[in-house]
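Below is one structure; the comments refer to it alone.
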Amino acid sequence: MNAVIYCRVSTKEQVDNFSLENQQKICREYAARSGFVVVEVFVDEGESAKTTDRPDFLRMVNFCCKQKGKIDAVIVYKLDRFSRNVGDYQAIRAALARYHVRLLSATEQLDETPAGHLMENVLSATAQFDNEVKSERVKQGMKAMFDSGYWSWVVPLGYKRIRNNAKRGTIIPDPEIAPIVVFGLTEFSKGIYSQTDILKKLTRKGLRTIKGRKLTKQFIGRMLREKFYAGYVVSKKRHEEAKGTHQPLIGLEIFLRNQQVLAGKTFGTNPRPKLRLEYPLRGFAQCPNCKKPMTASRSRGHGGCYDYYHDYGQHRCGKSFKVSDVHQDFADYLSQVVPIEARLRLLEAVIKDVYGTKQQEAGQDQKRINEQVAKLTVRKSKLIDLIADGTVSKDDGKQKLEEIRKETEELMLLGAEMTADGFDVGTAAHRFAQSLKNPSQFWKNLKVVEQKVKFQSLIFPKGVVYQNPGFGTSQMGLLFQLTPDLGVEKSRLVRTRGLEPPPLAGLAP
Ligand SMILES: [Zn+2]
């Protein structure tokens with residue numbers, strides 16, 4: 001009687017008892033015991049437990065077919081070497097039976113009786129079950145790794161997994177991508193940018209998804225909610241979290257602040273009064289009596305509309321002052337303020353530096369955009385070729401071309417936006433520094449309320465207390481000081497005021 005031996009071994013198994021030599025030895029012993037002559041040995045190597053992609057298995061079946069009648073049995077070490085799938089097993093067994101070839105297991109009892117068939121089926125089923133349990137085992141392994149703070153799923157953008165001795169590898173920040181991610185997360189935590197703003201900023205810096213796709217608003221949302229960046233691993237399914245073993249990209253406080261911003265919560269409990277150009281000192285000038293920040297409103301009476309600064313809130317004393325008077329007093333107060341010359345030069349240098357860096361960044365961003373556009377152009381021409389030779393259907397191609405066109409257009413727009421604000425920093429910085437030499441005029445000339453308020457805070461970081469008339473000495477910012485001849489200036493503050501407030505027209509620019 002003739003037999004062939006079929007062995008299958010995965011590279012991992014080479015080291016243990018399933019080694020090729022071991023399988024072959026046991027099969028040969030079995031053959032000898034059962035009175036078979038081994039005419040050929042077939043061996044498949046590979047990780048896959050699936051029947052496909054096994055060249056020697058197919059060669060063996062072919063061999064049995066060609067040697068019709070000359071081969072009596074196929075001997076395998078174990079049934080699961082043969083097939084891990086019941087259906088496959090039955091089909092193969094049936095195919096072999098057609099050539100009158102029996103399938104024998106060197107380590108399992110198989111026979112052609114009904115009991116033997118049952119046994120065969122049970123064994124095959126076990127092999128299949130084992131194959132399926134494997135994926136369950138993978139999940140278990142993940143759970144264990146999760147509990148020990150290892151991340152076993154796909155790592156978030158900004159990290160990469162490096163292979164090392166610890167099989168599953170180590171997760172480290174990607175030196176190129178991580179800084180961009182940090183930039184985005186930190187910018188958002190300031191609470192002044194929308195998710196769309198962040199999307200734009202990061203796209204401009206060349207950030208793409210792991211698969212190289214364009215970022216979406218949804219992606220940004222997920223990124224902002226990803227606690228992994230703050231050093232935690234979170235299982236959403238199991239609602240568990242643990243401190244990770246990876247290096248955090250951001251502090252927990254930034255993560256938490258981002259969650260607040262996402263939830264639409266503002267930070268101060270007191271909402272700032274709405275800024276209006278008519279009332280730039282709103283929330284900035286304080287009531288002389290109760291020292292509460294004043295707001296402003298318009299009241300009707302005496303045949304006209306009059307604007308007043310007045311205190312508000314629970315323990316207000318109820319004083320109010322004509323807006324025009326307060327503004328005049330403030331302008332007068334500012335005329336006693338001068339910038340510190342040496343610091344002005346420092347300011348100029350800082351402006352140049354900051355804008356220089358920004359321009360440099362813009363240059364780098366521009367370069368990245370150009371690269372992206374170039375890539376898209378290549379993709380486009382490849383796609384056109386694929387449509388031309390019919391590999392890609394016209395409809396699919398059309399849609400993809402449209403996507404590429406849109407993305408290119410957006411990138412071009414971003415690029416145009418950036419080049420538009422290129423200007424001579426040196427000149428601008430110098431001009432700005434010079435104009436600070438007359439703060440009163442500078443303040444009056446500012447026509448954007450946010451700028452006006454910023455400028456006020458630059459001089460008086462803690463606001464000013466109204467004295468009616470004039471202003472009390474307030475803490476000054478680093479750039480400014482009161483003119484040394486203050487005593488002389490003070491006399492200017494005592495002015496006569498008319499009984500009727502001036503009309504509004506003379507007030508607001
Ligand atoms: Zn008051």
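Going by the structure tokens order, chains are called A, B, ..., each with residues numbered from 1, while ligands are numbered from 1 in the order shown.
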
>> List as an NGL selection string the protein and nucleic acid residues lying within 10 Å of ligand 1, with only C-alpha atoms and all ligand atoms counted.
In response: :A and (286-294 or 310-313 or 315-320)

Limited to C-alpha atoms, could you put the picked residues into a file as an mmCIF file, in the first residue's frame?
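File result20.cif, as written:
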```cif
data_model
loop_
_atom_site.group_PDB
_atom_site.id
_atom_site.type_symbol
_atom_site.label_atom_id
_atom_site.label_comp_id
_atom_site.auth_asym_id
_atom_site.auth_seq_id
_atom_site.Cartn_x
_atom_site.Cartn_y
_atom_site.Cartn_z
ATOM 1 C CA GLN A 286 -14.946 101.795 37.353
ATOM 2 C CA CYS A 287 -17.446 103.750 39.422
ATOM 3 C CA PRO A 288 -15.654 106.282 41.683
ATOM 4 C CA ASN A 289 -17.885 105.316 44.602
ATOM 5 C CA CYS A 290 -18.267 101.535 44.680
ATOM 6 C CA LYS A 291 -15.351 100.757 42.306
ATOM 7 C CA LYS A 292 -17.575 98.472 40.252
ATOM 8 C CA PRO A 293 -16.947 98.328 36.517
ATOM 9 C CA MET A 294 -19.443 100.543 34.751
ATOM 10 C CA HIS A 310 -23.077 103.941 35.225
ATOM 11 C CA ASP A 311 -22.450 101.122 37.646
ATOM 12 C CA TYR A 312 -24.679 98.063 37.679
ATOM 13 C CA GLY A 313 -25.289 94.838 39.541
ATOM 14 C CA HIS A 315 -24.668 96.504 45.314
ATOM 15 C CA ARG A 316 -24.485 99.385 42.887
ATOM 16 C CA CYS A 317 -24.516 102.872 44.318
ATOM 17 C CA GLY A 318 -26.446 104.230 41.349
ATOM 18 C CA LYS A 319 -24.079 106.935 40.095
ATOM 19 C CA SER A 320 -24.022 107.797 36.427
#
```

> Hey, what does DSSP flag as strand (DSSP E or B) within range 157-380 of chain A? Can you give it to me as a VMD selection string?
Replying inline: chain A and resid 159 to 162 170 to 173 232 to 235 240 to 243 285 to 286 293 to 301 304 to 311 320 to 322 337 to 339

Those residues with N, CA and C atoms, as a short mmCIF file (atom, residue, chain, number, x, y, z; two decimals), in the first residue's frame please?
```cif
data_model
loop_
_atom_site.label_atom_id
_atom_site.label_comp_id
_atom_site.auth_asym_id
_atom_site.auth_seq_id
_atom_site.Cartn_x
_atom_site.Cartn_y
_atom_site.Cartn_z
N TYR A 159 0.73 59.90 16.59
CA TYR A 159 1.56 58.86 17.21
C TYR A 159 1.94 57.85 16.15
N LYS A 160 3.01 57.10 16.45
CA LYS A 160 3.28 55.94 15.61
C LYS A 160 3.77 54.79 16.48
N ARG A 161 3.60 53.60 15.94
CA ARG A 161 3.99 52.41 16.67
C ARG A 161 5.34 51.98 16.13
N ILE A 162 6.30 51.80 17.01
CA ILE A 162 7.57 51.28 16.52
C ILE A 162 7.76 49.88 17.06
N THR A 170 6.06 49.76 20.65
CA THR A 170 5.90 50.89 21.54
C THR A 170 5.30 52.03 20.75
N ILE A 171 4.44 52.80 21.41
CA ILE A 171 3.81 53.93 20.75
C ILE A 171 4.55 55.20 21.12
N ILE A 172 5.03 55.91 20.14
CA ILE A 172 5.76 57.16 20.40
C ILE A 172 5.14 58.28 19.56
N PRO A 173 5.30 59.54 20.01
CA PRO A 173 4.82 60.65 19.20
C PRO A 173 5.56 60.70 17.87
N TYR A 232 -4.27 59.06 28.28
CA TYR A 232 -5.19 58.04 28.77
C TYR A 232 -5.58 57.08 27.66
N VAL A 233 -5.86 55.85 28.03
CA VAL A 233 -6.47 54.94 27.08
C VAL A 233 -7.91 54.74 27.51
N VAL A 234 -8.80 54.81 26.54
CA VAL A 234 -10.22 54.76 26.86
C VAL A 234 -10.88 53.72 25.99
N SER A 235 -11.66 52.88 26.61
CA SER A 235 -12.47 51.95 25.85
C SER A 235 -13.89 52.49 25.83
N GLU A 240 -14.51 52.39 30.03
CA GLU A 240 -13.44 52.32 31.01
C GLU A 240 -12.31 53.22 30.55
N GLU A 241 -11.52 53.67 31.48
CA GLU A 241 -10.31 54.35 31.06
C GLU A 241 -9.19 54.03 32.03
N ALA A 242 -7.97 54.15 31.52
CA ALA A 242 -6.80 53.86 32.34
C ALA A 242 -5.69 54.79 31.90
N LYS A 243 -4.75 55.01 32.79
CA LYS A 243 -3.60 55.83 32.43
C LYS A 243 -2.75 55.03 31.48
N ALA A 285 -13.79 101.17 32.77
CA ALA A 285 -13.77 102.25 33.77
C ALA A 285 -14.66 101.85 34.95
N GLN A 286 -14.19 102.19 36.16
CA GLN A 286 -14.95 101.80 37.35
C GLN A 286 -15.60 103.00 38.02
N PRO A 293 -17.06 97.95 37.92
CA PRO A 293 -16.95 98.33 36.52
C PRO A 293 -18.29 98.89 36.03
N MET A 294 -18.21 99.92 35.21
CA MET A 294 -19.44 100.54 34.75
C MET A 294 -19.85 100.00 33.39
N THR A 295 -21.11 100.05 33.13
CA THR A 295 -21.62 99.77 31.80
C THR A 295 -22.15 101.08 31.25
N ALA A 296 -22.79 101.07 30.12
CA ALA A 296 -23.31 102.32 29.55
C ALA A 296 -24.68 102.07 28.96
N SER A 297 -25.52 103.06 29.03
CA SER A 297 -26.80 102.97 28.36
C SER A 297 -27.28 104.35 27.91
N ARG A 298 -28.32 104.32 27.13
CA ARG A 298 -28.88 105.56 26.60
C ARG A 298 -30.19 105.85 27.33
N SER A 299 -30.34 107.07 27.74
CA SER A 299 -31.64 107.41 28.34
C SER A 299 -32.21 108.63 27.65
N ARG A 300 -33.54 108.69 27.66
CA ARG A 300 -34.23 109.80 27.01
C ARG A 300 -34.67 110.82 28.06
N GLY A 301 -34.68 112.06 27.68
CA GLY A 301 -35.11 113.10 28.62
C GLY A 301 -34.56 114.44 28.20
N GLY A 304 -34.01 115.07 24.48
CA GLY A 304 -33.02 114.39 23.64
C GLY A 304 -32.60 113.06 24.23
N CYS A 305 -31.63 112.39 23.56
CA CYS A 305 -31.09 111.12 24.05
C CYS A 305 -29.72 111.38 24.63
N TYR A 306 -29.46 110.84 25.77
CA TYR A 306 -28.16 111.02 26.39
C TYR A 306 -27.57 109.68 26.78
N ASP A 307 -26.25 109.57 26.59
CA ASP A 307 -25.57 108.32 26.94
C ASP A 307 -24.85 108.48 28.27
N TYR A 308 -24.98 107.48 29.09
CA TYR A 308 -24.35 107.52 30.41
C TYR A 308 -23.53 106.26 30.69
N TYR A 309 -22.42 106.48 31.37
CA TYR A 309 -21.72 105.36 31.98
C TYR A 309 -22.26 105.26 33.40
N HIS A 310 -22.57 104.09 33.86
CA HIS A 310 -23.08 103.94 35.22
C HIS A 310 -22.75 102.56 35.76
N ASP A 311 -22.72 102.44 37.07
CA ASP A 311 -22.45 101.12 37.65
C ASP A 311 -23.70 100.25 37.54
N SER A 320 -24.20 107.88 37.88
CA SER A 320 -24.02 107.80 36.43
C SER A 320 -23.35 109.06 35.91
N PHE A 321 -22.62 108.89 34.80
CA PHE A 321 -21.82 110.01 34.26
C PHE A 321 -22.00 110.06 32.76
N LYS A 322 -22.04 111.29 32.27
CA LYS A 322 -22.23 111.46 30.83
C LYS A 322 -21.06 110.84 30.07
N VAL A 337 0.16 110.30 29.44
CA VAL A 337 0.88 109.02 29.37
C VAL A 337 1.87 109.04 28.21
N VAL A 338 3.06 108.59 28.46
CA VAL A 338 4.03 108.45 27.37
C VAL A 338 4.66 107.05 27.41
N PRO A 339 5.03 106.56 26.25
CA PRO A 339 5.70 105.26 26.25
C PRO A 339 7.14 105.39 26.74
#
```

>> For Ile5 in chain A, find every residue with an atom within 10 Å (counting only C-alpha atoms), except residues of its own chain fewer than 3 positions away, and show them as a ChimeraX atom specification.
In response: /A:23-24,27-28,31,38-43,60,73-77,104-106

Suppose we keep C-alpha atoms; can you now write the selection as a PDB file, in the first residue's frame?
```
ATOM      1  CA  GLN A  23       5.146  16.056  12.123  1.00  0.00           C
ATOM      2  CA  GLN A  24       6.974  14.117   9.440  1.00  0.00           C
ATOM      3  CA  CYS A  27       3.528  10.461  10.142  1.00  0.00           C
ATOM      4  CA  ARG A  28       6.308   8.153   8.924  1.00  0.00           C
ATOM      5  CA  ALA A  31       2.752   4.784   8.005  1.00  0.00           C
ATOM      6  CA  VAL A  38       5.547   6.670   1.809  1.00  0.00           C
ATOM      7  CA  VAL A  39       5.995   7.724  -1.826  1.00  0.00           C
ATOM      8  CA  GLU A  40       5.913  11.491  -1.443  1.00  0.00           C
ATOM      9  CA  VAL A  41       5.841  14.216   1.225  1.00  0.00           C
ATOM     10  CA  PHE A  42       4.037  17.509   0.693  1.00  0.00           C
ATOM     11  CA  VAL A  43       4.694  20.500   2.882  1.00  0.00           C
ATOM     12  CA  MET A  60      -0.866  16.703  -3.436  1.00  0.00           C
ATOM     13  CA  ALA A  73      -3.921   7.058   1.666  1.00  0.00           C
ATOM     14  CA  VAL A  74      -3.000  10.570   2.625  1.00  0.00           C
ATOM     15  CA  ILE A  75      -1.489  10.702   6.065  1.00  0.00           C
ATOM     16  CA  VAL A  76      -1.636  13.895   8.077  1.00  0.00           C
ATOM     17  CA  TYR A  77      -0.213  14.603  11.476  1.00  0.00           C
ATOM     18  CA  LEU A 104      -5.644   9.138   7.761  1.00  0.00           C
ATOM     19  CA  SER A 105      -4.566  11.031  10.816  1.00  0.00           C
ATOM     20  CA  ALA A 106      -1.369   9.936  12.514  1.00  0.00           C
TER      21      ALA A 106
END
```

> For Ala374 in chain A, which residue out of A:Leu224, A:Leu482, A:Leu411, A:Lys398 is the nearest one, using only C-alpha atoms?
Replying inline: A:Leu411

> Rounded to one decimal in Å, what is the spacing between CA of Glu450 in chain A and CA of Lys462 in chain A?
Replying inline: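 Separation between CA of Glu450 in chain A and CA of Lys462 in chain A: 16.5 Å.
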
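The list of residues with at least one atom within 7 Å of Asp72 in chain A, based on only C-alpha atoms and without residues fewer than 5 positions apart in the same chain, reads Met1, Asn2, Ala3, His100, Val101 and Arg102 of chain A.
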
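The protein and nucleic acid residues lying at most 10 Å from Leu256 in chain A are Ser189, Leu224, Arg225, Lys227, Ala230, Gly251, Leu252, Glu253, Gln259, Gln260, Val261 and Leu262 of chain A, with only C-alpha atoms considered and sequence neighbours fewer than 3 positions away removed.
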
>> With only C-alpha atoms as the counted atoms, please give the residues lying no more than 12 Å from Leu334 in chain A, apart from itself and same-chain residues fewer than 5 positions off, as a PyMOL selection string.
In response: chain A and resi 327-329+339+436-444+455-456+459-460+464+470-471+473-474+476+480-483+486+489-490+493

>> If I take CA of Val449 in chain A and CA of His430 in chain A, how far is one from the other in Å, to one decimal?
In response: 23.0 Å

>> Applying 12 Å and only C-alpha atoms, which residues near Gln195 in chain A remain after dropping the ones on its own chain fewer than 2 positions away? List them as an MDAnalysis selection string.
In response: chainID A and resid 184:185 187:193 197:202 215:225 258 261:262 264

> How many Å lie between CA of Val448 in chain A and CA of Leu277 in chain A, rounded to one decimal?
Replying inline: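 Separation between CA of Val448 in chain A and CA of Leu277 in chain A: 6.9 Å.
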